[in-house]
Structures are given as C-alpha cells and as structure tokens.
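Have a look at the structure below before the remarks.
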Amino acid sequence: MFGTLPPSIKQLLLISIAASALAGGLAGAVLGAAAAFVSGNSVWPFVAQSFGIAGDADPRAASLGQKPQVVVEDSAAIDVVERATRSVVSIVVTQDLSKLYNQTGPFSPYDDPFFFSFPFGFQAPPQGQQQVGGGTGFIVTADGLIVTNRHVVDQSEAEYTVITDDGTRYEAEVLARDTVNDIAILKIQADNLPVLDLGDSDAVRIGQTVIAIGNSLGEFSNTVTKGVVSGVGRRVVAGDSSGSSEVIDGAIQTDAAINPGNSGGPLLDLFGKVVGVNTAVSREGQLIGFAIPINEIKSAIESVREHGRIVRPFLGVRYVIVTPEFAEAYSIQGIDHGALIVAGDARGELAVIPGSPADTAGLVENDIILEVDGEAVTEDAGLAKLLARFAPGDTVTLKVYRTGEEIEVSATLSEQK
C-alpha cells in the first residue's frame with residue numbers, strides 16, 4: 001500500500017508505526033504491573049474506600065467473567081459515631097432498697113406481719129444499695145458537666161454513677177433539675193474530657209438524617225440507631241411508669257429507634273452536632289421517638305456554668321394553650337391563640353400564684369395572654385418558651401384579652417424557685 005509514496009515518506013511512516021507499537025507495549029506492561037500491584041497489595045483498599053467500593057472487590061473480576069462486588073458506606077455516619085461515643089455516658093441509679101420499700105401508704109405488704117410468716121415462704125424486703133434505674137447522658141464541658149433527662153435523675157435520695165466509654169466510673173452530683181424542660185445537669189470530677197458540640201435545632205429539617213446514641217434498655221451502652229427527622233415542633237405529653245407526665249413543646253420527632261435507657265442521650269446530625277436530647281418514645285407506634293431541641297437547653301447549660309444552678313424567669317400563672325379548636329369548643333369569640341389562665345382540679349393549683357409577678361401585675365383567672373413583648377403565644381411558641389428568652393428582673397409587656405377587650409400589662413419577672 002506504500003507503492004505510490006516517495007521513499008522518504010515510506011520510511012517516516014514505518015518509523016512512526018514502530019514507535020507507536022513500542023509505546024503501546026510499554027504502556028500495557030506498566031499498567032498491567034500497576035494493576036497487579038494495586039490489586040495484590042494495600043493500595044487497592046485505600047482506593048476502594050475513597051470511591052465507596054468494597055475493599056475485597058477485585059478490579060480483575062470483570063475480565064475474569066465475575067461480577068465485582070460494590071458496597072457504598074455511609075462514611076459520614078460512621079465518622080460521627082466514632083467521635084461521639086467518647087462523649088456519651090451511661091448513668092446508673094442506685095438506692096438503698098430498705099428505704100425504697102419502707103414506705104407508708106394505704107397498704108404495703110412489708111408492713112403486714114403475716115407477709116413475713118415463715119410457713120408461707122415470704123421474704124423480708126431487699127436491703128442495701130442496688131441498681132434501680134439507668135439512662136444516658138453526654139458531656140458538654142471538658143471539666144465534667146453532663147446533660148441528661150430530669151426523669152433519669154429525679155430521685156433525690158438515690159446515688160448516681162456515670163460510666164464513660166472507656167469504662168471509668170465516676171460519682172455524679174446532680175447540680176440542677178430543670179422545671180421547664182425534662183433535663184438535668186450532672187457534674188463529675190474529671191478534666192480534659194471529650195465534649196460534644198451543640199448544633200442549631202432551629203435549622204433541623206424534616207427528612208434529614210439523624211443518629212441517636214444511648215444506653216439501650218439500661219444494658220447495652222452506646223447503642224447506635226439511625227433514621228430521619230419525621231417532624232418538628234411536636235407537642236407531646238410524656239409520661240413514665242410512675243404515672244407522672246409533662247408536656248414537651250416543640251419536640252423533634254424521629255424514626256431513629258429510641259428505647260428505654262436511651263433517655264438523656266444525644267440526637268446528632270451528620271456533622272456530629274447535638275440537635276436534641278432523646279426523651280420519649282410512643283408506645284402506640286413503631287419507631288416514633290421524640291427529642292427536646294437543643295436550643296431549648298443551651299440557656300440552662302450556660303446558667304449552670306455561670307450560677308451553679310438553672311436560673312429561670314418566673315411569671316406565676318397556670319395556663320392552657322388556646323388553639324382554634326379549643327376556642328370553638330369553649331365558645332371563645334374572636335380568639336384563636338394565647339395562654340388561658342386557669343386553675344387546676346386539685347386544691348392548691350391556683351390560676352395565679354399569690355405574690356407572684358403575675359399577681360403584682362394584676363393578671364386574673366380567665367385572662368388570655370395573647371402576646372409577650374409583641375410576639376404571639378401559639379402552640380409552637382408557648383408562654384414558657386417565650387418567657388425563657390428573658391432573665392429574672394426583666395420587665396415584659398403582655399397583651400391580654402379580658403372580658404371582650406384587649407389590654408396591655410407590664411410584669412417584672414422574678415427567679416423561679
């Protein structure tokens with residue numbers, strides 16, 4: 001095919017073809033050697049991990065007629081868990097059972113002499129310190145401040161032990177139990193502890209991935225579950241086995257499994273920041289858990305650091321939140337939000353506490369507080385939540401609906417005892 005070309009051109013083409021063949025051969029040899037080295041040594045797992053491919057996937061599998069195995073890992077979640085578990089602790093509650101069972105009441109089997117009669121095999125109540133409960137907490141300061149749920153440490157006569165991730169045990173002191181939120185602050189004597197960063201719960205969005213870590217069932221420490229945020233701003237009535245209950249405003253709902261013992265543990269985003277404190281689970285549904293938004297807790301942590309206790313502003317009213325449905329049911333005309341000041345069913349549950357800032361300001365039963373300093377009182381922004389933004393000694397302006405008209409009332413808040 002070179003017959004019609006000049007001799008010089010023929011030589012040039014032959015040289016080019018020979019050079020190309022030589023270069024191709026060298027390249028193939030180099031690449032083949034590199035592939036053999038990568039697949040047979042430690043380089044391949046590193047490359048595989050970087051690209052989300054299983055470490056045991058052989059790059060030669062396709063040429064051998066085998067289907068390569070590819071696994072994509074959620075590396076962000078793994079990294080968060082590895083870092084966060086160092087700051088998550090188990091809380092063990094112990095109590096002298098002789099005191100626990102030595103109770104007065106309508107009937108206690110241990111008060112009946114017949115109960116101890118030998119022929120029937122009954123035994124005396126247990127004695128000494130024994131574990132009666134447990135929960136989870138997380139470290140927020142390097143010198144040993146720990147956040148947990150109030151209901152985990154609500155027994156004043158109990159003793160509390162904190163167990164860190166490395167198995168070290170510390171005696172814990174309860175510095176504060178929050179009267180507004182279901183949280184408490186503990187202190188252990190230690191230094192240079194790993195802490196968790198606090199995030200912004202107002203930025204939490206439905207559908208984002210979250211991770212819950214806790215002492216599941218009081219037995220399996222640092223159990224990890226992952227899910228998504230199912231809802232925000234939930235109003236939840238949480239109760240425990242003793243029959244006590246409280247309202248949690250603005251709770252974060254998640255389908256990350258929260259089991260007994262997880263109470264007080266952190267709910268984390270994929271940056272490893274705490275966005276909530278796990279506190280409740282719905283027993284009527286599957287994988288429906290709730291967490292207190294961390295923004296509701298930051299002020300309490302700072303208050304304990306500064307004052308050694310939680311300093312809360314106090315108005316002194318008992319109320320229920322007005323919703324459109326509530327207003328319709330009770331024939332409240334022209335009002336669809338606010339806090340209706342009401343007395344409780346039990347004796348002593350007064351609508352307005354005598355001598356309180358509310359009493360001094362002239363608030364009375366059946367008043368409806370519509371606004372606090374111009375911000376409406378709603379389901380999402382309840383009265384307690386709005387007042388928590390102020391400090392004792394601050395004066396707030398309340399817009400109040402009373403017997404068909406709106407008035408403004410000034411109240412100077414005091415410290416809640």
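Labels for the structure tokens follow display order: chains A, B, ..., residues from 1 in each chain, ligands from 1.
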
Problem set entry | Contacts of Gly334 of chain A within 10 Å, only C-alpha atoms, excl. fewer than 5 positions in-chain, as a ChimeraX atom specification | /A:324,327-328,404

Would you save the residues from that selection as a tab-separated table (two decimals), in the first residue's frame, using all heavy atoms?
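Produced file part-v4.tsv, reproduced below:
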chain	number	residue	atom	x	y	z
A	324	PRO	N	-57.42	27.11	67.79
A	324	PRO	CA	-58.72	27.35	67.16
A	324	PRO	C	-59.78	26.34	67.59
A	324	PRO	O	-60.94	26.69	67.82
A	324	PRO	CB	-58.42	27.24	65.66
A	324	PRO	CG	-56.99	27.65	65.55
A	324	PRO	CD	-56.32	27.13	66.80
A	327	ALA	N	-60.79	27.14	71.19
A	327	ALA	CA	-61.63	28.34	71.23
A	327	ALA	C	-63.05	28.03	70.78
A	327	ALA	O	-64.03	28.51	71.36
A	327	ALA	CB	-61.03	29.44	70.36
A	328	GLU	N	-63.19	27.18	69.76
A	328	GLU	CA	-64.52	26.82	69.27
A	328	GLU	C	-65.26	25.97	70.30
A	328	GLU	O	-66.46	26.16	70.54
A	328	GLU	CB	-64.39	26.07	67.95
A	328	GLU	CG	-65.73	25.68	67.34
A	328	GLU	CD	-65.57	24.96	66.01
A	328	GLU	OE1	-64.43	24.82	65.54
A	328	GLU	OE2	-66.60	24.53	65.46
A	404	GLY	N	-63.71	40.53	76.68
A	404	GLY	CA	-64.09	41.16	75.43
A	404	GLY	C	-63.20	42.27	74.94
A	404	GLY	O	-63.46	42.84	73.87

Shell of 12 Å around Tyr170 of chain A, only C-alpha atoms, local chain residues under 5 positions omitted, as a PDB file with N, CA and C atoms, in the first residue's frame:
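The resulting part36.pdb:
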ATOM      1  N   VAL A  89     -22.234   8.923  77.855  1.00  0.00           N
ATOM      2  CA  VAL A  89     -22.011   8.169  79.093  1.00  0.00           C
ATOM      3  C   VAL A  89     -23.275   7.417  79.497  1.00  0.00           C
ATOM      4  N   SER A  90     -23.075   6.362  80.259  1.00  0.00           N
ATOM      5  CA  SER A  90     -24.190   5.650  80.888  1.00  0.00           C
ATOM      6  C   SER A  90     -24.348   6.151  82.319  1.00  0.00           C
ATOM      7  N   ILE A  91     -25.593   6.265  82.761  1.00  0.00           N
ATOM      8  CA  ILE A  91     -25.886   6.728  84.117  1.00  0.00           C
ATOM      9  C   ILE A  91     -26.575   5.601  84.862  1.00  0.00           C
ATOM     10  N   VAL A  92     -25.998   5.212  85.983  1.00  0.00           N
ATOM     11  CA  VAL A  92     -26.540   4.134  86.800  1.00  0.00           C
ATOM     12  C   VAL A  92     -27.134   4.739  88.064  1.00  0.00           C
ATOM     13  N   GLY A 144     -16.432  18.276  83.072  1.00  0.00           N
ATOM     14  CA  GLY A 144     -17.350  17.281  83.625  1.00  0.00           C
ATOM     15  C   GLY A 144     -18.813  17.617  83.751  1.00  0.00           C
ATOM     16  N   ILE A 146     -22.511  17.264  82.488  1.00  0.00           N
ATOM     17  CA  ILE A 146     -23.196  16.248  81.686  1.00  0.00           C
ATOM     18  C   ILE A 146     -24.677  16.574  81.623  1.00  0.00           C
ATOM     19  N   GLU A 159     -28.336   7.505  94.532  1.00  0.00           N
ATOM     20  CA  GLU A 159     -26.965   7.831  94.179  1.00  0.00           C
ATOM     21  C   GLU A 159     -26.778   7.570  92.690  1.00  0.00           C
ATOM     22  N   TYR A 160     -25.943   8.409  92.055  1.00  0.00           N
ATOM     23  CA  TYR A 160     -25.793   8.343  90.602  1.00  0.00           C
ATOM     24  C   TYR A 160     -24.326   8.134  90.245  1.00  0.00           C
ATOM     25  N   THR A 161     -24.111   7.164  89.352  1.00  0.00           N
ATOM     26  CA  THR A 161     -22.771   6.846  88.872  1.00  0.00           C
ATOM     27  C   THR A 161     -22.732   7.016  87.363  1.00  0.00           C
ATOM     28  N   VAL A 162     -21.705   7.706  86.890  1.00  0.00           N
ATOM     29  CA  VAL A 162     -21.505   7.905  85.456  1.00  0.00           C
ATOM     30  C   VAL A 162     -20.394   6.977  84.986  1.00  0.00           C
ATOM     31  N   ILE A 163     -20.656   6.246  83.900  1.00  0.00           N
ATOM     32  CA  ILE A 163     -19.673   5.344  83.311  1.00  0.00           C
ATOM     33  C   ILE A 163     -19.345   5.849  81.913  1.00  0.00           C
ATOM     34  N   THR A 164     -18.083   6.206  81.694  1.00  0.00           N
ATOM     35  CA  THR A 164     -17.674   6.721  80.396  1.00  0.00           C
ATOM     36  C   THR A 164     -17.413   5.581  79.422  1.00  0.00           C
ATOM     37  N   ASP A 165     -17.137   5.948  78.179  1.00  0.00           N
ATOM     38  CA  ASP A 165     -16.992   4.961  77.121  1.00  0.00           C
ATOM     39  C   ASP A 165     -15.840   3.993  77.382  1.00  0.00           C
ATOM     40  N   LEU A 186     -25.600  17.201  85.418  1.00  0.00           N
ATOM     41  CA  LEU A 186     -24.788  16.481  86.384  1.00  0.00           C
ATOM     42  C   LEU A 186     -23.360  16.983  86.320  1.00  0.00           C
ATOM     43  N   LYS A 187     -22.597  16.683  87.375  1.00  0.00           N
ATOM     44  CA  LYS A 187     -21.175  17.066  87.413  1.00  0.00           C
ATOM     45  C   LYS A 187     -20.370  15.887  87.929  1.00  0.00           C
ATOM     46  N   ILE A 188     -19.278  15.582  87.214  1.00  0.00           N
ATOM     47  CA  ILE A 188     -18.318  14.604  87.696  1.00  0.00           C
ATOM     48  C   ILE A 188     -16.960  15.290  87.841  1.00  0.00           C
ATOM     49  N   GLN A 189     -16.127  14.764  88.702  1.00  0.00           N
ATOM     50  CA  GLN A 189     -14.819  15.346  88.948  1.00  0.00           C
ATOM     51  C   GLN A 189     -13.811  14.743  87.968  1.00  0.00           C
ATOM     52  N   ALA A 190     -13.581  15.452  86.873  1.00  0.00           N
ATOM     53  CA  ALA A 190     -12.651  14.985  85.852  1.00  0.00           C
ATOM     54  C   ALA A 190     -12.221  16.183  85.015  1.00  0.00           C
TER      55      ALA A 190
END

Exercise. Using only C-alpha atoms, which residue out of A:Asp96, A:Asp269, A:Asp200, A:Glu296 lies closest to Gly250 of chain A?
Worked result: A:Glu296

For this session: Mind giving me the straight-line distance from atom CA of Glu173 of chain A to atom CA of Glu415 of chain A in Å, one decimal?
Result: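 For atom CA of Glu173 of chain A relative to atom CA of Glu415 of chain A, the distance reads 22.8 Å.
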
Exercise. Val229 of chain A: which residues within 7 Å, counting only C-alpha atoms, same-chain residues fewer than 4 positions away excluded, as an MDAnalysis selection string?
Worked result: chainID A and resid 205:210 253:255

Proximity check segment 173-276 of chain A to segment 375-399 of chain A, 9 Å, nearest pairs one decimal Å, only C-alpha atoms, as JSON lines:
{"residue": "A:Val180", "atom": "CA", "partner": "A:Ala384", "partner_atom": "CA", "distance": 7.5}
{"residue": "A:Gly233", "atom": "CA", "partner": "A:Asp380", "partner_atom": "CA", "distance": 6.0}
{"residue": "A:Arg234", "atom": "CA", "partner": "A:Asp380", "partner_atom": "CA", "distance": 7.9}
{"residue": "A:Arg235", "atom": "CA", "partner": "A:Glu379", "partner_atom": "CA", "distance": 7.6}
{"residue": "A:Asp249", "atom": "CA", "partner": "A:Asp380", "partner_atom": "CA", "distance": 7.0}
{"residue": "A:Gly250", "atom": "CA", "partner": "A:Asp380", "partner_atom": "CA", "distance": 6.0}

Problem set entry | Nearest-residue call for Ile213 of chain A, choices A:Gly265, A:Pro194, A:Gly167, A:Gly199, using only C-alpha atoms |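 Smallest distance to Ile213 of chain A is found for A:Gly265.
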
Problem set entry | Sel. of helix (DSSP H, G or I) residues, segment 257-378 of chain A, as a list in words |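 Answer for segment 257-378 of chain A restricted to helix (DSSP H, G or I) is Ile294, Asn295, Glu296, Lys298, Ser299, Ala300, Ile301, Glu302, Ser303, Val304, Arg305, Glu306, His307, Pro324, Glu325, Phe326, Ala327, Glu328, Ala329, Pro357, Ala358, Asp359, Thr360 and Ala361 of chain A.
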
Exercise. How many Å lie between atom CA of Ala176 of chain A and atom CA of Ala300 of chain A, rounded to one decimal?
Worked result: 9.0 Å

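Going from atom CA of Glu171 of chain A over to atom CA of Val153 of chain A, you cover 13.1 Å.
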
Taking the chain letters and numbering used in this document, name the residues of segment 166-246 of chain A that DSSP puts in strand (DSSP E or B), as a PDB file with N, CA and C atoms, in the first residue's frame.
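Final file, out-v4.pdb:
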ATOM      1  N   ARG A 169     -15.557   4.796  86.006  1.00  0.00           N
ATOM      2  CA  ARG A 169     -16.742   5.118  86.791  1.00  0.00           C
ATOM      3  C   ARG A 169     -16.486   6.367  87.638  1.00  0.00           C
ATOM      4  N   TYR A 170     -17.489   7.261  87.665  1.00  0.00           N
ATOM      5  CA  TYR A 170     -17.395   8.484  88.455  1.00  0.00           C
ATOM      6  C   TYR A 170     -18.662   8.643  89.285  1.00  0.00           C
ATOM      7  N   GLU A 171     -18.488   9.101  90.513  1.00  0.00           N
ATOM      8  CA  GLU A 171     -19.652   9.532  91.279  1.00  0.00           C
ATOM      9  C   GLU A 171     -20.139  10.849  90.698  1.00  0.00           C
ATOM     10  N   ALA A 172     -21.466  10.977  90.537  1.00  0.00           N
ATOM     11  CA  ALA A 172     -22.029  12.168  89.906  1.00  0.00           C
ATOM     12  C   ALA A 172     -22.907  12.941  90.882  1.00  0.00           C
ATOM     13  N   GLU A 173     -22.817  14.252  90.785  1.00  0.00           N
ATOM     14  CA  GLU A 173     -23.665  15.146  91.579  1.00  0.00           C
ATOM     15  C   GLU A 173     -24.688  15.804  90.656  1.00  0.00           C
ATOM     16  N   VAL A 174     -25.937  15.809  91.074  1.00  0.00           N
ATOM     17  CA  VAL A 174     -26.973  16.486  90.298  1.00  0.00           C
ATOM     18  C   VAL A 174     -26.953  17.965  90.668  1.00  0.00           C
ATOM     19  N   LEU A 175     -26.496  18.796  89.737  1.00  0.00           N
ATOM     20  CA  LEU A 175     -26.421  20.231  90.008  1.00  0.00           C
ATOM     21  C   LEU A 175     -27.765  20.919  89.826  1.00  0.00           C
ATOM     22  N   ALA A 176     -28.550  20.455  88.848  1.00  0.00           N
ATOM     23  CA  ALA A 176     -29.804  21.150  88.561  1.00  0.00           C
ATOM     24  C   ALA A 176     -30.779  20.226  87.867  1.00  0.00           C
ATOM     25  N   ARG A 177     -32.040  20.363  88.240  1.00  0.00           N
ATOM     26  CA  ARG A 177     -33.144  19.709  87.558  1.00  0.00           C
ATOM     27  C   ARG A 177     -34.033  20.806  87.010  1.00  0.00           C
ATOM     28  N   ALA A 184     -31.660  17.617  83.083  1.00  0.00           N
ATOM     29  CA  ALA A 184     -30.914  17.838  84.314  1.00  0.00           C
ATOM     30  C   ALA A 184     -29.446  17.957  83.952  1.00  0.00           C
ATOM     31  N   ILE A 185     -28.695  18.626  84.825  1.00  0.00           N
ATOM     32  CA  ILE A 185     -27.263  18.806  84.626  1.00  0.00           C
ATOM     33  C   ILE A 185     -26.532  18.111  85.764  1.00  0.00           C
ATOM     34  N   LEU A 186     -25.600  17.201  85.418  1.00  0.00           N
ATOM     35  CA  LEU A 186     -24.788  16.481  86.384  1.00  0.00           C
ATOM     36  C   LEU A 186     -23.360  16.983  86.320  1.00  0.00           C
ATOM     37  N   LYS A 187     -22.597  16.683  87.375  1.00  0.00           N
ATOM     38  CA  LYS A 187     -21.175  17.066  87.413  1.00  0.00           C
ATOM     39  C   LYS A 187     -20.370  15.887  87.929  1.00  0.00           C
ATOM     40  N   LEU A 198     -22.680  21.534  70.369  1.00  0.00           N
ATOM     41  CA  LEU A 198     -24.112  21.751  70.298  1.00  0.00           C
ATOM     42  C   LEU A 198     -24.457  22.430  68.977  1.00  0.00           C
ATOM     43  N   THR A 209     -31.046  13.238  57.987  1.00  0.00           N
ATOM     44  CA  THR A 209     -30.580  12.081  58.730  1.00  0.00           C
ATOM     45  C   THR A 209     -30.121  12.481  60.128  1.00  0.00           C
ATOM     46  N   VAL A 210     -30.516  11.699  61.110  1.00  0.00           N
ATOM     47  CA  VAL A 210     -30.084  11.920  62.488  1.00  0.00           C
ATOM     48  C   VAL A 210     -29.668  10.585  63.103  1.00  0.00           C
ATOM     49  N   ILE A 211     -28.844  10.675  64.149  1.00  0.00           N
ATOM     50  CA  ILE A 211     -28.303   9.496  64.810  1.00  0.00           C
ATOM     51  C   ILE A 211     -28.564   9.611  66.307  1.00  0.00           C
ATOM     52  N   ALA A 212     -29.098   8.557  66.896  1.00  0.00           N
ATOM     53  CA  ALA A 212     -29.334   8.519  68.343  1.00  0.00           C
ATOM     54  C   ALA A 212     -28.364   7.528  68.971  1.00  0.00           C
ATOM     55  N   ILE A 213     -27.751   7.933  70.080  1.00  0.00           N
ATOM     56  CA  ILE A 213     -26.830   7.058  70.812  1.00  0.00           C
ATOM     57  C   ILE A 213     -27.291   6.993  72.262  1.00  0.00           C
ATOM     58  N   GLY A 214     -27.341   5.782  72.814  1.00  0.00           N
ATOM     59  CA  GLY A 214     -27.789   5.683  74.195  1.00  0.00           C
ATOM     60  C   GLY A 214     -27.533   4.327  74.811  1.00  0.00           C
ATOM     61  N   ASN A 215     -27.789   4.262  76.110  1.00  0.00           N
ATOM     62  CA  ASN A 215     -27.633   3.040  76.904  1.00  0.00           C
ATOM     63  C   ASN A 215     -28.920   2.235  76.785  1.00  0.00           C
ATOM     64  N   SER A 216     -29.102   1.584  75.652  1.00  0.00           N
ATOM     65  CA  SER A 216     -30.362   0.945  75.313  1.00  0.00           C
ATOM     66  C   SER A 216     -30.759  -0.118  76.326  1.00  0.00           C
ATOM     67  N   PHE A 220     -27.254  -2.168  77.148  1.00  0.00           N
ATOM     68  CA  PHE A 220     -26.354  -2.119  76.002  1.00  0.00           C
ATOM     69  C   PHE A 220     -25.884  -0.687  75.793  1.00  0.00           C
ATOM     70  N   SER A 221     -24.726  -0.367  76.362  1.00  0.00           N
ATOM     71  CA  SER A 221     -24.236   1.008  76.300  1.00  0.00           C
ATOM     72  C   SER A 221     -23.843   1.385  74.883  1.00  0.00           C
ATOM     73  N   ASN A 222     -23.984   2.688  74.601  1.00  0.00           N
ATOM     74  CA  ASN A 222     -23.610   3.252  73.304  1.00  0.00           C
ATOM     75  C   ASN A 222     -24.207   2.482  72.128  1.00  0.00           C
ATOM     76  N   THR A 223     -25.486   2.152  72.252  1.00  0.00           N
ATOM     77  CA  THR A 223     -26.226   1.583  71.134  1.00  0.00           C
ATOM     78  C   THR A 223     -26.547   2.691  70.141  1.00  0.00           C
ATOM     79  N   VAL A 224     -26.325   2.428  68.866  1.00  0.00           N
ATOM     80  CA  VAL A 224     -26.500   3.437  67.827  1.00  0.00           C
ATOM     81  C   VAL A 224     -27.690   3.079  66.947  1.00  0.00           C
ATOM     82  N   THR A 225     -28.573   4.045  66.734  1.00  0.00           N
ATOM     83  CA  THR A 225     -29.644   3.894  65.755  1.00  0.00           C
ATOM     84  C   THR A 225     -29.643   5.109  64.846  1.00  0.00           C
ATOM     85  N   LYS A 226     -30.074   4.904  63.617  1.00  0.00           N
ATOM     86  CA  LYS A 226     -30.067   5.992  62.635  1.00  0.00           C
ATOM     87  C   LYS A 226     -31.419   6.073  61.960  1.00  0.00           C
ATOM     88  N   GLY A 227     -31.850   7.292  61.663  1.00  0.00           N
ATOM     89  CA  GLY A 227     -33.118   7.485  60.976  1.00  0.00           C
ATOM     90  C   GLY A 227     -33.188   8.880  60.411  1.00  0.00           C
ATOM     91  N   VAL A 228     -34.396   9.365  60.261  1.00  0.00           N
ATOM     92  CA  VAL A 228     -34.597  10.709  59.735  1.00  0.00           C
ATOM     93  C   VAL A 228     -35.484  11.496  60.688  1.00  0.00           C
ATOM     94  N   VAL A 229     -35.471  12.791  60.528  1.00  0.00           N
ATOM     95  CA  VAL A 229     -36.397  13.649  61.257  1.00  0.00           C
ATOM     96  C   VAL A 229     -37.767  13.500  60.613  1.00  0.00           C
ATOM     97  N   SER A 230     -38.733  13.023  61.395  1.00  0.00           N
ATOM     98  CA  SER A 230     -40.075  12.781  60.866  1.00  0.00           C
ATOM     99  C   SER A 230     -40.994  13.985  61.040  1.00  0.00           C
ATOM    100  N   GLY A 231     -40.663  14.844  61.989  1.00  0.00           N
ATOM    101  CA  GLY A 231     -41.494  16.016  62.243  1.00  0.00           C
ATOM    102  C   GLY A 231     -40.776  16.955  63.206  1.00  0.00           C
ATOM    103  N   VAL A 232     -41.164  18.204  63.181  1.00  0.00           N
ATOM    104  CA  VAL A 232     -40.600  19.195  64.099  1.00  0.00           C
ATOM    105  C   VAL A 232     -41.744  19.976  64.736  1.00  0.00           C
ATOM    106  N   GLY A 233     -41.453  20.589  65.875  1.00  0.00           N
ATOM    107  CA  GLY A 233     -42.463  21.397  66.548  1.00  0.00           C
ATOM    108  C   GLY A 233     -43.604  20.591  67.125  1.00  0.00           C
ATOM    109  N   ARG A 234     -43.366  19.332  67.473  1.00  0.00           N
ATOM    110  CA  ARG A 234     -44.428  18.495  68.030  1.00  0.00           C
ATOM    111  C   ARG A 234     -44.702  18.871  69.489  1.00  0.00           C
ATOM    112  N   ARG A 235     -45.959  18.789  69.878  1.00  0.00           N
ATOM    113  CA  ARG A 235     -46.330  18.989  71.277  1.00  0.00           C
ATOM    114  C   ARG A 235     -46.702  17.618  71.838  1.00  0.00           C
ATOM    115  N   VAL A 236     -45.912  17.143  72.787  1.00  0.00           N
ATOM    116  CA  VAL A 236     -46.025  15.768  73.259  1.00  0.00           C
ATOM    117  C   VAL A 236     -46.281  15.765  74.755  1.00  0.00           C
ATOM    118  N   VAL A 237     -47.221  14.924  75.186  1.00  0.00           N
ATOM    119  CA  VAL A 237     -47.429  14.674  76.609  1.00  0.00           C
ATOM    120  C   VAL A 237     -46.683  13.392  76.940  1.00  0.00           C
ATOM    121  N   ALA A 238     -45.589  13.518  77.691  1.00  0.00           N
ATOM    122  CA  ALA A 238     -44.740  12.380  78.015  1.00  0.00           C
ATOM    123  C   ALA A 238     -45.020  11.924  79.433  1.00  0.00           C
ATOM    124  N   GLY A 239     -45.085  10.622  79.622  1.00  0.00           N
ATOM    125  CA  GLY A 239     -45.317  10.059  80.953  1.00  0.00           C
ATOM    126  C   GLY A 239     -44.367   8.921  81.229  1.00  0.00           C
ATOM    127  N   SER A 245     -46.403  12.894  84.393  1.00  0.00           N
ATOM    128  CA  SER A 245     -46.328  13.292  82.996  1.00  0.00           C
ATOM    129  C   SER A 245     -46.016  14.769  82.899  1.00  0.00           C
ATOM    130  N   GLU A 246     -45.585  15.172  81.719  1.00  0.00           N
ATOM    131  CA  GLU A 246     -45.330  16.577  81.457  1.00  0.00           C
ATOM    132  C   GLU A 246     -45.470  16.823  79.963  1.00  0.00           C
TER     133      GLU A 246
END
